[in-house]
Amino acid sequence: MTRTNSGVRWIHAIPIAIGLAVGIFMWHAAVPRLITQLTGVDGAFTAERCVWGEPGSAGDRTLTCAGSFTAADGSFTLPGIGIYGDFDDRPAAPVAARVSGPGADHAVQMSLLTSLAPIGLGLTAFAFPAWALTAATRDALTRRRTGRPT
């Protein structure tokens with residue numbers, strides 16, 4: 001009697017796990033930023049401390065800054081918060097930004113690319129599990145049809 005296994009093989013499980021992990025991580029990082037960009041409180045971020053980061057994939061170094069945020073209507077100020085996004089040079093003037101509210105710990109720059117790029121990468125990462133599940137299903141059906149053991 002030949003035993004067949006119609007489940008997902010390890011060769012398919014690896015891209016499924018990696019794709020899901022990367023996709024979930026990218027969405028987890030980008031979606032809250034996008035929501036803040038679309039629905040947050042307008043204001044200005046003033047950089048107080050900036051640190052040069054390591055060179056990126058293009059070899060360019062960027063600044064990561066922390067400072068204070070002041071709401072456009074003057075209703076609140078948030079000292080000592082960070083800002084999502086990098087700068088090529090230390091901002092000399094306040095930068096347009098949004099926060100989720102008076103209790104926020106990070107401001108978000110008003111560039112949709114900072115949110116849409118990670119969301120696009122997350123969608124691309126989700127393509128790998130879709131491909132692997134398709135391949136696993138095809139292999140399982142082939143094994144079942146031919147009676148080949150795994």
# chains A, B, ... in the order shown; residues from 1 in each chain; ligands from 1
$ select_by_dssp --residues "chain A" --states "strand (DSSP E)" --output "PyMOL selection string"
chain A and resi 41-52+63-71+77-84+95-99+106-109
$ write_last_selection --atoms "C-alpha atoms" --output "short mmCIF file (atom, residue, chain, number, x, y, z; two decimals), in the first residue's frame"
data_model
loop_
_atom_site.label_atom_id
_atom_site.label_comp_id
_atom_site.auth_asym_id
_atom_site.auth_seq_id
_atom_site.Cartn_x
_atom_site.Cartn_y
_atom_site.Cartn_z
CA VAL A 41 -3.73 66.55 12.54
CA ASP A 42 -1.88 69.07 10.34
CA GLY A 43 1.09 70.89 11.75
CA ALA A 44 4.80 71.51 11.55
CA PHE A 45 7.75 69.43 12.74
CA THR A 46 10.85 71.31 13.90
CA ALA A 47 14.03 69.23 13.87
CA GLU A 48 16.14 69.59 17.00
CA ARG A 49 18.43 66.54 16.89
CA CYS A 50 19.51 64.83 13.67
CA VAL A 51 21.78 61.81 13.28
CA TRP A 52 23.42 60.60 10.08
CA LEU A 63 19.46 62.09 8.41
CA THR A 64 17.03 60.75 10.96
CA CYS A 65 15.64 63.56 13.12
CA ALA A 66 13.78 64.10 16.37
CA GLY A 67 12.24 67.33 17.55
CA SER A 68 8.88 68.90 18.29
CA PHE A 69 5.53 69.07 16.53
CA THR A 70 3.11 71.98 16.75
CA ALA A 71 -0.46 71.59 15.52
CA THR A 77 2.69 70.85 20.95
CA LEU A 78 4.50 67.52 21.18
CA PRO A 79 8.12 67.86 22.33
CA GLY A 80 10.68 65.11 21.83
CA ILE A 81 8.98 63.13 19.06
CA GLY A 82 10.51 61.46 16.03
CA ILE A 83 9.41 61.78 12.44
CA TYR A 84 8.93 58.95 9.97
CA VAL A 95 8.55 70.71 7.88
CA ALA A 96 4.87 70.06 7.08
CA ALA A 97 3.78 66.91 8.89
CA ARG A 98 0.81 65.22 10.52
CA VAL A 99 0.32 63.28 13.74
CA HIS A 106 5.90 60.18 15.82
CA ALA A 107 5.03 62.68 13.14
CA VAL A 108 4.64 61.64 9.50
CA GLN A 109 5.97 63.61 6.54
#
$ residues_around --residues "segment 11-20 of chain A" --least-positions-apart "5" --cutoff "6 Å" --atoms "only C-alpha atoms" --output "list in words"
Ala125, Phe126, Phe128, Pro129 and Ala132 of chain A
$ select_by_dssp --residues "chain A" --states "alpha helix (DSSP H)" --output "JSON, numbers by chain"
{"A": [10, 11, 12, 13, 14, 15, 16, 17, 18, 19, 20, 21, 22, 23, 24, 25, 26, 27, 28, 29, 30, 31, 32, 33, 34, 35, 36, 37, 38, 39, 113, 114, 115, 116, 117, 118, 119, 120, 121, 122, 123, 124, 125, 126, 127, 128, 129, 130, 131, 132, 133, 134, 135, 136, 137, 138, 139, 140, 141, 142, 143, 144, 145, 146]}
$ atom_distance --atom1 "atom CA of Ala140 of chain A" --atom2 "atom CA of Ile24 of chain A"
26.8 Å
$ atom_distance --atom1 "atom CA of Pro118 of chain A" --atom2 "atom CA of Trp27 of chain A"
7.0 Å
